[in-house]
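Shown next: upload34.txt, given as compact mmCIF, C-alpha atoms.
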# COMPACT_ATOMS: atom_id res chain seq x y z
CA MET A 5 0.00 0.00 0.00
CA PRO A 6 1.59 3.32 -1.03
CA ALA A 7 1.84 6.12 1.53
CA PRO A 8 -1.15 8.44 1.96
CA ILE A 9 -1.07 11.93 0.53
CA GLU A 10 -0.34 14.48 3.25
CA PHE A 11 -2.98 17.17 3.07
CA TRP A 12 -1.89 20.21 5.09
CA PHE A 13 -4.53 22.87 5.54
CA ASP A 14 -5.98 25.64 7.69
CA PHE A 15 -9.75 25.67 8.22
CA SER A 16 -9.73 29.39 7.50
CA SER A 17 -8.30 28.88 4.00
CA PRO A 18 -10.80 29.17 1.12
CA TYR A 19 -8.64 27.17 -1.28
CA GLY A 20 -8.03 24.73 1.58
CA TYR A 21 -11.77 24.16 1.79
CA LEU A 22 -12.14 23.74 -1.97
CA ALA A 23 -9.22 21.30 -1.96
CA SER A 24 -10.82 19.34 0.89
CA ARG A 25 -13.73 18.66 -1.44
CA ARG A 26 -11.46 17.12 -4.08
CA VAL A 27 -8.44 15.61 -2.36
CA GLU A 28 -9.91 12.23 -1.38
CA ALA A 29 -11.21 11.45 -4.87
CA LEU A 30 -7.87 12.45 -6.38
CA ALA A 31 -5.98 10.23 -3.93
CA ALA A 32 -8.38 7.27 -4.25
CA LYS A 33 -8.09 7.30 -8.03
CA HIS A 34 -4.45 6.39 -7.55
CA GLY A 35 -4.90 3.96 -4.69
CA ARG A 36 -3.92 6.46 -2.03
CA GLY A 37 -5.43 7.56 1.24
CA VAL A 38 -5.32 11.06 2.68
CA ASP A 39 -3.54 12.09 5.86
CA TRP A 40 -5.41 15.16 7.17
CA ARG A 41 -2.93 17.61 8.69
CA PRO A 42 -4.61 20.68 10.16
CA MET A 43 -2.18 23.52 10.93
CA LEU A 44 -2.16 27.21 11.70
CA LEU A 45 -1.52 29.47 8.75
CA GLY A 46 -1.00 32.52 11.01
CA VAL A 47 2.14 31.01 12.50
CA LEU A 48 3.46 30.09 9.04
CA PHE A 49 2.70 33.56 7.69
CA GLN A 50 4.73 35.09 10.52
CA ARG A 51 7.66 32.87 9.67
CA VAL A 52 7.46 33.50 5.92
CA GLY A 53 6.66 37.20 6.25
CA THR A 54 3.37 37.03 4.37
CA ALA A 55 -0.18 37.90 5.38
CA PRO A 56 -3.68 36.63 4.60
CA LEU A 57 -4.37 37.08 0.86
CA VAL A 58 -7.30 39.40 1.46
CA ASP A 59 -5.15 41.82 3.47
CA TYR A 60 -3.13 42.88 0.41
CA PRO A 61 -4.19 45.80 -1.77
CA LEU A 62 -5.23 44.66 -5.28
CA LYS A 63 -4.34 41.03 -4.51
CA GLY A 64 -7.04 40.98 -1.83
CA ASP A 65 -9.79 42.14 -4.18
CA TYR A 66 -8.65 39.68 -6.81
CA SER A 67 -8.55 36.76 -4.40
CA ARG A 68 -12.09 37.42 -3.15
CA HIS A 69 -13.20 37.28 -6.78
CA ASP A 70 -10.99 34.33 -7.68
CA MET A 71 -12.05 32.09 -4.81
CA LEU A 72 -15.69 32.34 -5.88
CA ARG A 73 -14.85 31.80 -9.54
CA SER A 74 -12.57 28.88 -8.64
CA ALA A 75 -15.40 27.28 -6.67
CA ARG A 76 -17.62 27.53 -9.76
CA PHE A 77 -14.82 26.28 -12.01
CA HIS A 78 -14.39 23.18 -9.85
CA GLY A 79 -18.13 22.61 -9.67
CA ILE A 80 -18.35 23.26 -5.94
CA GLY A 81 -21.62 25.09 -5.55
CA GLU A 82 -21.53 24.97 -1.77
CA PHE A 83 -19.24 27.86 -1.04
CA ARG A 84 -19.52 31.37 0.26
CA VAL A 85 -17.13 33.80 1.87
CA PRO A 86 -17.93 33.75 5.60
CA SER A 87 -19.08 36.92 7.37
CA ARG A 88 -15.97 36.79 9.52
CA PHE A 89 -12.84 35.89 7.58
CA PRO A 90 -10.10 34.98 8.22
CA ILE A 91 -10.44 33.55 11.73
CA PRO A 92 -8.23 31.72 14.25
CA THR A 93 -8.66 27.95 13.94
CA GLN A 94 -6.86 26.47 16.94
CA ALA A 95 -10.00 24.91 18.42
CA ALA A 96 -10.98 23.13 15.21
CA ALA A 97 -7.43 21.99 14.50
CA ARG A 98 -7.04 20.56 18.01
CA ILE A 99 -10.27 18.56 17.75
CA VAL A 100 -9.20 16.96 14.49
CA LEU A 101 -5.70 16.27 15.76
CA TRP A 102 -7.02 14.71 18.97
CA GLN A 103 -9.59 12.55 17.13
CA LYS A 104 -6.99 11.42 14.60
CA ALA A 105 -4.98 9.64 17.28
CA THR A 106 -7.74 7.12 17.85
CA ASP A 107 -9.90 7.24 14.71
CA PRO A 108 -8.42 8.91 11.61
CA ALA A 109 -11.49 8.17 9.47
CA LEU A 110 -13.76 9.87 12.00
CA ALA A 111 -11.30 12.77 12.22
CA ALA A 112 -11.54 13.18 8.43
CA ARG A 113 -15.33 13.27 8.61
CA ALA A 114 -15.07 15.82 11.41
CA ALA A 115 -12.75 17.94 9.24
CA HIS A 116 -15.30 17.91 6.45
CA ALA A 117 -18.06 18.90 8.87
CA ILE A 118 -16.00 21.78 10.30
CA PHE A 119 -15.05 23.03 6.83
CA ARG A 120 -18.74 22.88 5.86
CA ALA A 121 -19.87 24.74 8.97
CA TYR A 122 -17.54 27.60 8.14
CA TRP A 123 -17.58 27.75 4.32
CA VAL A 124 -21.16 26.70 3.64
CA ASP A 125 -23.21 27.51 6.75
CA ASP A 126 -21.25 30.65 7.75
CA ILE A 127 -20.71 29.44 11.31
CA ASP A 128 -17.79 31.07 13.11
CA ILE A 129 -15.83 27.96 14.04
CA SER A 130 -13.21 29.98 15.92
CA SER A 131 -15.54 29.52 18.88
CA PRO A 132 -14.77 26.22 20.67
CA GLU A 133 -18.48 25.51 21.05
CA ALA A 134 -19.17 25.94 17.34
CA ALA A 135 -16.19 23.80 16.38
CA VAL A 136 -17.31 21.07 18.79
CA ALA A 137 -20.87 21.18 17.47
CA ALA A 138 -19.67 20.80 13.90
CA ALA A 139 -17.41 17.88 14.80
CA ALA A 140 -20.19 16.28 16.84
CA SER A 141 -22.49 16.42 13.82
CA ALA A 142 -20.02 14.03 12.17
CA GLY A 143 -20.14 11.61 15.10
CA VAL A 144 -17.36 12.90 17.31
CA ASP A 145 -17.95 12.73 21.10
CA ALA A 146 -18.81 16.31 22.04
CA GLY A 147 -17.61 16.26 25.64
CA ALA A 148 -14.27 14.70 24.82
CA ALA A 149 -13.82 17.05 21.85
CA ARG A 150 -14.48 20.07 24.06
CA ALA A 151 -11.93 18.81 26.58
CA SER A 152 -9.32 18.26 23.86
CA ILE A 153 -9.28 21.97 23.03
CA ASP A 154 -7.87 22.83 26.46
CA ASP A 155 -5.74 19.71 26.85
CA PRO A 156 -2.07 20.78 27.22
CA ALA A 157 -0.94 17.62 25.42
CA ILE A 158 -3.13 18.41 22.40
CA LYS A 159 -2.03 22.04 22.44
CA ALA A 160 1.58 20.86 22.38
CA ALA A 161 0.79 18.36 19.63
CA LEU A 162 -0.65 21.09 17.40
CA LYS A 163 2.36 23.30 18.03
CA SER A 164 4.57 20.42 17.07
CA GLU A 165 2.56 19.84 13.88
CA VAL A 166 3.02 23.47 12.88
CA GLU A 167 6.75 23.21 13.57
CA GLN A 168 6.89 20.05 11.49
CA ALA A 169 5.01 21.77 8.69
CA MET A 170 7.60 24.54 8.52
CA ALA A 171 10.48 22.08 8.84
CA ARG A 172 9.13 20.30 5.77
CA GLY A 173 8.67 23.48 3.75
CA VAL A 174 4.93 24.02 4.15
CA PHE A 175 4.06 27.73 3.97
CA GLY A 176 0.49 27.89 2.67
CA SER A 177 -2.85 26.13 2.48
CA PRO A 178 -3.66 23.77 0.89
CA PHE A 179 -0.27 22.13 0.72
CA LEU A 180 0.15 18.54 -0.42
CA LEU A 181 3.13 16.28 0.12
CA VAL A 182 3.12 13.27 -2.19
CA ASP A 183 5.95 10.94 -1.20
CA GLY A 184 7.77 14.08 -0.06
CA GLU A 185 7.12 16.07 -3.26
CA PRO A 186 5.56 19.46 -2.35
CA PHE A 187 2.55 20.97 -4.12
CA TRP A 188 1.08 24.30 -3.01
CA GLY A 189 -2.46 25.19 -3.93
CA LEU A 190 -5.59 23.72 -5.43
CA ASP A 191 -4.17 24.89 -8.75
CA ARG A 192 -1.42 22.27 -8.51
CA PHE A 193 -3.92 19.39 -8.43
CA ASP A 194 -3.29 18.87 -12.15
CA GLN A 195 0.40 18.37 -11.43
CA VAL A 196 -0.40 16.12 -8.43
CA GLU A 197 -2.62 14.05 -10.71
CA ARG A 198 0.16 13.52 -13.24
CA TRP A 199 2.70 12.91 -10.47
CA LEU A 200 0.53 10.14 -9.04
CA ALA A 201 -0.16 8.66 -12.47
CA THR A 202 3.44 8.65 -13.65
CA GLY A 203 5.51 8.45 -10.47
CA GLY A 204 7.04 11.87 -11.05
CA PHE A 205 8.09 14.06 -13.94
CA MET B 12 -13.38 40.51 -34.22
CA PRO B 13 -13.39 40.06 -30.44
CA ALA B 14 -10.94 42.07 -28.34
CA PRO B 15 -7.43 40.70 -27.86
CA ILE B 16 -6.42 39.13 -24.58
CA GLU B 17 -4.35 41.55 -22.52
CA PHE B 18 -1.20 39.78 -21.44
CA TRP B 19 0.52 41.74 -18.67
CA PHE B 20 3.98 40.51 -17.73
CA ASP B 21 7.43 41.34 -16.43
CA PHE B 22 10.40 39.89 -18.32
CA SER B 23 11.90 38.89 -14.97
CA SER B 24 8.94 36.65 -14.10
CA PRO B 25 9.49 32.90 -14.58
CA TYR B 26 5.78 32.14 -14.84
CA GLY B 27 5.48 35.15 -17.13
CA TYR B 28 8.01 33.52 -19.46
CA LEU B 29 6.25 30.15 -19.34
CA ALA B 30 2.92 31.89 -20.04
CA SER B 31 4.48 33.75 -22.98
CA ARG B 32 5.10 30.36 -24.57
CA ARG B 33 1.44 29.41 -24.34
CA VAL B 34 -0.68 32.56 -24.48
CA GLU B 35 -0.83 33.03 -28.27
CA ALA B 36 -1.98 29.47 -28.97
CA LEU B 37 -4.59 29.74 -26.23
CA ALA B 38 -5.88 33.01 -27.66
CA ALA B 39 -5.79 31.87 -31.29
CA LYS B 40 -7.81 28.75 -30.46
CA HIS B 41 -10.65 31.09 -29.57
CA GLY B 42 -10.16 33.58 -32.40
CA ARG B 43 -8.34 36.10 -30.22
CA GLY B 44 -5.14 38.02 -30.57
CA VAL B 45 -2.76 38.95 -27.74
CA ASP B 46 -1.99 42.46 -26.56
CA TRP B 47 1.52 42.30 -25.07
CA ARG B 48 1.69 44.58 -22.03
CA PRO B 49 5.16 44.68 -20.44
CA MET B 50 5.19 46.25 -16.99
CA LEU B 51 7.41 46.53 -13.92
CA LEU B 52 6.65 44.07 -11.17
CA GLY B 53 8.88 45.91 -8.69
CA VAL B 54 6.60 48.94 -8.72
CA LEU B 55 3.52 46.73 -8.26
CA PHE B 56 5.15 44.81 -5.42
CA GLN B 57 5.83 48.10 -3.62
CA ARG B 58 2.21 49.07 -3.95
CA VAL B 59 0.86 45.69 -2.86
CA GLY B 60 3.44 45.16 -0.12
CA THR B 61 4.79 41.92 -1.53
CA ALA B 62 8.28 40.91 -2.67
CA PRO B 63 9.79 38.65 -5.31
CA LEU B 64 8.73 35.04 -4.63
CA VAL B 65 12.27 33.83 -4.15
CA ASP B 66 12.91 36.37 -1.37
CA TYR B 67 10.51 34.64 1.03
CA PRO B 68 11.69 31.92 3.42
CA LEU B 69 10.17 28.51 2.52
CA LYS B 70 8.09 29.99 -0.30
CA GLY B 71 11.29 30.96 -2.10
CA ASP B 72 12.72 27.43 -2.05
CA TYR B 73 9.40 26.01 -3.15
CA SER B 74 9.02 28.45 -6.01
CA ARG B 75 12.50 27.68 -7.37
CA HIS B 76 11.48 24.02 -7.41
CA ASP B 77 7.97 24.68 -8.72
CA MET B 78 9.00 26.86 -11.66
CA LEU B 79 11.23 24.08 -13.01
CA ARG B 80 8.57 21.43 -12.42
CA SER B 81 5.91 23.66 -14.00
CA ALA B 82 8.09 24.09 -17.09
CA ARG B 83 8.34 20.30 -17.41
CA PHE B 84 4.61 19.90 -16.73
CA HIS B 85 3.78 22.31 -19.56
CA GLY B 86 6.27 20.67 -21.90
CA ILE B 87 8.55 23.69 -22.07
CA GLY B 88 12.02 22.17 -22.14
CA GLU B 89 13.72 25.47 -22.85
CA PHE B 90 13.86 26.95 -19.38
CA ARG B 91 16.45 27.53 -16.73
CA VAL B 92 16.74 29.85 -13.77
CA PRO B 93 19.08 32.65 -14.83
CA SER B 94 22.34 33.26 -12.97
CA ARG B 95 21.08 36.70 -11.96
CA PHE B 96 17.43 36.69 -10.89
CA PRO B 97 15.30 38.70 -10.45
CA ILE B 98 16.54 41.70 -12.47
CA PRO B 99 15.26 45.18 -13.42
CA THR B 100 13.55 45.10 -16.81
CA GLN B 101 12.95 48.74 -17.74
CA ALA B 102 15.15 48.60 -20.85
CA ALA B 103 13.41 45.55 -22.29
CA ALA B 104 9.94 46.84 -21.44
CA ARG B 105 10.63 50.21 -23.09
CA ILE B 106 11.84 48.58 -26.32
CA VAL B 107 8.69 46.50 -26.61
CA LEU B 108 6.44 49.40 -25.75
CA TRP B 109 8.17 51.66 -28.28
CA GLN B 110 8.05 49.04 -31.05
CA LYS B 111 4.39 48.29 -30.33
CA ALA B 112 3.36 51.79 -31.36
CA THR B 113 4.36 51.18 -34.98
CA ASP B 114 4.45 47.38 -35.35
CA PRO B 115 2.72 45.28 -32.66
CA ALA B 116 3.53 41.99 -34.40
CA LEU B 117 7.24 42.82 -34.45
CA ALA B 118 7.01 43.94 -30.82
CA ALA B 119 5.57 40.53 -29.92
CA ARG B 120 8.42 38.77 -31.71
CA ALA B 121 10.86 41.02 -29.87
CA ALA B 122 9.21 40.11 -26.56
CA HIS B 123 9.67 36.41 -27.33
CA ALA B 124 13.32 37.02 -28.22
CA ILE B 125 13.97 38.97 -25.01
CA PHE B 126 12.25 36.32 -22.87
CA ARG B 127 14.35 33.66 -24.60
CA ALA B 128 17.59 35.56 -24.10
CA TYR B 129 16.94 35.72 -20.36
CA TRP B 130 15.21 32.40 -19.59
CA VAL B 131 16.94 30.13 -22.12
CA ASP B 132 20.31 31.67 -22.93
CA ASP B 133 20.96 33.19 -19.47
CA ILE B 134 21.69 36.64 -20.87
CA ASP B 135 21.27 39.47 -18.37
CA ILE B 136 18.74 41.58 -20.28
CA SER B 137 18.77 44.29 -17.59
CA SER B 138 21.67 45.73 -19.64
CA PRO B 139 20.33 48.01 -22.40
CA GLU B 140 22.82 46.54 -24.87
CA ALA B 141 21.74 42.97 -24.17
CA ALA B 142 18.05 43.88 -24.41
CA VAL B 143 18.66 45.67 -27.71
CA ALA B 144 20.65 42.74 -29.11
CA ALA B 145 17.86 40.31 -28.23
CA ALA B 146 15.21 42.54 -29.83
CA ALA B 147 17.40 43.08 -32.90
CA SER B 148 17.66 39.32 -33.35
CA ALA B 149 13.89 39.38 -33.90
CA GLY B 150 14.19 42.09 -36.57
CA VAL B 151 13.89 45.26 -34.51
CA ASP B 152 16.08 48.22 -35.60
CA ALA B 153 18.93 48.20 -33.09
CA GLY B 154 19.79 51.90 -33.18
CA ALA B 155 16.21 53.04 -32.77
CA ALA B 156 15.63 50.48 -30.01
CA ARG B 157 18.69 51.71 -28.11
CA ALA B 158 17.44 55.29 -28.42
CA SER B 159 13.96 54.34 -27.18
CA ILE B 160 15.37 53.23 -23.82
CA ASP B 161 16.48 56.80 -22.99
CA ASP B 162 13.57 58.54 -24.70
CA PRO B 163 11.64 60.58 -22.08
CA ALA B 164 8.38 59.95 -23.95
CA ILE B 165 8.88 56.16 -23.81
CA LYS B 166 9.92 56.36 -20.16
CA ALA B 167 6.70 58.23 -19.42
CA ALA B 168 4.70 55.76 -21.47
CA LEU B 169 6.00 52.83 -19.44
CA LYS B 170 5.26 54.64 -16.19
CA SER B 171 1.77 55.23 -17.44
CA GLU B 172 1.37 51.55 -18.35
CA VAL B 173 2.38 50.52 -14.84
CA GLU B 174 -0.10 53.02 -13.38
CA GLN B 175 -2.78 51.64 -15.67
CA ALA B 176 -1.92 48.09 -14.62
CA MET B 177 -2.49 48.97 -10.97
CA ALA B 178 -5.63 50.94 -11.74
CA ARG B 179 -7.02 47.82 -13.38
CA GLY B 180 -6.09 45.50 -10.52
CA VAL B 181 -2.94 43.93 -11.93
CA PHE B 182 -0.54 42.93 -9.13
CA GLY B 183 1.48 40.00 -10.49
CA SER B 184 2.90 38.35 -13.59
CA PRO B 185 1.56 36.84 -15.75
CA PHE B 186 -1.78 38.59 -15.46
CA LEU B 187 -4.44 38.19 -18.14
CA LEU B 188 -7.44 40.39 -18.75
CA VAL B 189 -10.08 38.74 -20.93
CA ASP B 190 -12.79 41.26 -21.75
CA GLY B 191 -11.97 42.81 -18.36
CA GLU B 192 -12.05 39.52 -16.42
CA PRO B 193 -8.80 39.16 -14.41
CA PHE B 194 -6.74 35.96 -14.25
CA TRP B 195 -3.48 35.82 -12.31
CA GLY B 196 -0.92 33.17 -13.08
CA LEU B 197 -0.15 30.48 -15.61
CA ASP B 198 -2.16 28.20 -13.36
CA ARG B 199 -5.33 30.06 -14.30
CA PHE B 200 -4.95 29.20 -17.98
CA ASP B 201 -7.45 26.37 -17.50
CA GLN B 202 -10.01 28.90 -16.28
CA VAL B 203 -9.12 31.31 -19.12
CA GLU B 204 -9.67 28.45 -21.55
CA ARG B 205 -13.14 27.74 -20.22
CA TRP B 206 -13.92 31.45 -20.01
CA LEU B 207 -13.06 31.90 -23.69
CA ALA B 208 -14.97 28.76 -24.71
CA THR B 209 -18.12 29.55 -22.76
CA GLY B 210 -18.16 33.34 -22.49
CA GLY B 211 -17.87 33.24 -18.70
CA PHE B 212 -18.91 31.03 -15.80
Could I get this structure in the form of structure tokens?
Amino acid sequence: MPAPIEFWFDFSSPYGYLASRRVEALAAKHGRGVDWRPMLLGVLFQRVGTAPLVDYPLKGDYSRHDMLRSARFHGIGEFRVPSRFPIPTQAAARIVLWQKATDPALAARAAHAIFRAYWVDDIDISSPEAAVAAAASAGVDAGAARASIDDPAIKAALKSEVEQAMARGVFGSPFLLVDGEPFWGLDRFDQVERWLATGGF
Amino acid sequence: MPAPIEFWFDFSSPYGYLASRRVEALAAKHGRGVDWRPMLLGVLFQRVGTAPLVDYPLKGDYSRHDMLRSARFHGIGEFRVPSRFPIPTQAAARIVLWQKATDPALAARAAHAIFRAYWVDDIDISSPEAAVAAAASAGVDAGAARASIDDPAIKAALKSEVEQAMARGVFGSPFLLVDGEPFWGLDRFDQVERWLATGGF
């Protein structure tokens, strides 16, 4: 069984959400699973010296337009820019990370539910309660999920994930690692596809 | 005859070069011409608050890797990262802008020749002499091209082009405007293709 595709993302990332709707089918087509790796873009941005797309003059206006057009281009009708954007996503990331340790498949379903809450239902998942409710709708234990957000071990685990992301060259969302080969952005899915089909080019 | 596609670019942009190798075929397929619009990315970066890709930690390493992989992905074998990169491109931009006024087709051939000198033959086209030599190899009058670089009217025209770029939302290279619709990056050529085929989506 070949290694899963590492899917690094931040819940607050529009292209991360769009990618989350496509990554499993892309991986499955080539006999791969997906390793869901939530991280914190804010920490990466600080390291790289960048800022959220929408904070830049010109680039910000374009990206608000492009994310909606890209959703249409990829046939993802369920998408809207949330009222509050971007947001901190520690709570959501910790829930997924904690659930992954015991049930990765359930953690993936929880990730989908959290993405949907934010990008489809306009729920501010920076609130621990909202993040827990979204995860619970996917079958996650609500009480345990709520506890995980304040668990020092889970906090440390997320920090370590973000450190690992940077150590491996991740600086944006979505970011895919395919057998170590890095691909940044939904717009590299065509290259990922060929990479998986041919073993590299 | 539908309006030409506006192709905004900086000669120092790797993805701008790769796009220059594909934009005419893409346009022609849909009965369009290409309006070559050289501009100065450095001025745009100042306005937007960004920097050359390769100057960022992590992102810089990735982009050096990605530009080579993207060249292979698009079947463009003639590509290497120049010894000096990025570079100022005023001289080259002024030649193309000057030539465009009297012979746009020749200006386009000159643009190809200048791109090739820099991205294939590793010639530092920031030097007026090197930029002139590249343009002359495409049939441009060398003496007149050399004079255009120091011509106050051409200098002002390029400044005005850069101002117009920003006024119209251009902030990177390559940047396409298709009947006013903005597309940033070679990796939006798939969306441009559908846009041209369907009239918008």
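Residues from chain B found within 6 Å of chain A are Val59, Tyr67, Pro68, Leu69 and Gly180 of chain B, counting only C-alpha atoms.
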Using only C-alpha atoms: which of B:Gly27, B:Gly42, B:Pro139, B:Pro15 has the shortest distance to B:Ile160: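 Nearest candidate to B:Ile160 out of B:Gly27, B:Gly42, B:Pro139, B:Pro15: B:Pro139.
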All residues 12 Å or closer to A:Lys104, all atoms listed in the file, same chain fewer than 6 positions away omitted, as an MDAnalysis selection string: chainID A and resid 39:42 97:98 110:115 144 149 152 158 161:162
Exercise: residues within 12 Å of coordinate (-11.0, 29.9, -29.5), counting all atoms listed in the file, as a PyMOL selection string: chain B and resi 12-13+15-16+34-44+203-210
Coordinates-based distance that separates atom CA of A:Asp14 from atom CA of A:Ala75 (Å, one decimal): 17.3 Å
Residue nearest B:Ala142 among B:Ala103, B:Val173, B:Leu108, B:Ala124 (counting all atoms listed in the file):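 Among the listed residues, the smallest separation from B:Ala142 belongs to B:Ala103.
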Point-to-point distance in Å for atom CA of B:Leu52 and atom CA of B:Tyr26: 12.5 Å
Straight-line distance linking atom CA of A:Met71 with atom CA of A:Phe15, stated in Å to one decimal: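 Rounded to one decimal, the two atoms are 14.7 Å apart.
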Can you take the partial stretch 100-116 of chain A, add N, CA, C and O atoms, and return it as a compact mmCIF listing (two decimals), in the frame of the given file?
# COMPACT_ATOMS: atom_id res chain seq x y z
N VAL A 100 -9.54 17.93 15.55
CA VAL A 100 -9.20 16.96 14.49
C VAL A 100 -7.93 16.19 14.86
O VAL A 100 -7.85 14.97 14.69
N LEU A 101 -6.96 16.90 15.40
CA LEU A 101 -5.70 16.27 15.76
C LEU A 101 -5.93 15.24 16.87
O LEU A 101 -5.38 14.12 16.83
N TRP A 102 -6.74 15.62 17.86
CA TRP A 102 -7.02 14.71 18.97
C TRP A 102 -7.78 13.48 18.45
O TRP A 102 -7.44 12.34 18.79
N GLN A 103 -8.78 13.68 17.61
CA GLN A 103 -9.59 12.55 17.13
C GLN A 103 -8.76 11.62 16.25
O GLN A 103 -8.98 10.41 16.22
N LYS A 104 -7.83 12.20 15.52
CA LYS A 104 -6.99 11.42 14.60
C LYS A 104 -6.21 10.32 15.31
O LYS A 104 -5.98 9.25 14.74
N ALA A 105 -5.82 10.60 16.56
CA ALA A 105 -4.98 9.64 17.28
C ALA A 105 -5.70 8.31 17.49
O ALA A 105 -5.07 7.25 17.51
N THR A 106 -7.02 8.37 17.60
CA THR A 106 -7.74 7.12 17.85
C THR A 106 -8.58 6.67 16.67
O THR A 106 -8.88 5.49 16.53
N ASP A 107 -9.02 7.61 15.82
CA ASP A 107 -9.90 7.24 14.71
C ASP A 107 -9.73 8.22 13.54
O ASP A 107 -10.50 9.16 13.38
N PRO A 108 -8.72 7.98 12.72
CA PRO A 108 -8.42 8.91 11.61
C PRO A 108 -9.60 9.09 10.65
O PRO A 108 -9.79 10.21 10.13
N ALA A 109 -10.37 8.05 10.42
CA ALA A 109 -11.49 8.17 9.47
C ALA A 109 -12.55 9.12 10.05
O ALA A 109 -13.12 9.95 9.32
N LEU A 110 -12.81 8.97 11.35
CA LEU A 110 -13.76 9.87 12.00
C LEU A 110 -13.22 11.31 12.01
O LEU A 110 -13.96 12.28 11.81
N ALA A 111 -11.92 11.44 12.23
CA ALA A 111 -11.30 12.77 12.22
C ALA A 111 -11.47 13.43 10.85
O ALA A 111 -11.73 14.64 10.75
N ALA A 112 -11.36 12.64 9.78
CA ALA A 112 -11.54 13.18 8.43
C ALA A 112 -12.99 13.64 8.24
O ALA A 112 -13.24 14.71 7.68
N ARG A 113 -13.92 12.85 8.73
CA ARG A 113 -15.33 13.27 8.61
C ARG A 113 -15.58 14.54 9.42
O ARG A 113 -16.33 15.42 9.01
N ALA A 114 -14.94 14.61 10.58
CA ALA A 114 -15.07 15.82 11.41
C ALA A 114 -14.49 17.03 10.68
O ALA A 114 -15.07 18.13 10.70
N ALA A 115 -13.37 16.84 10.00
CA ALA A 115 -12.75 17.94 9.24
C ALA A 115 -13.72 18.44 8.17
O ALA A 115 -13.91 19.65 8.00
N HIS A 116 -14.32 17.51 7.46
CA HIS A 116 -15.30 17.91 6.45
C HIS A 116 -16.45 18.71 7.08
O HIS A 116 -16.88 19.73 6.52
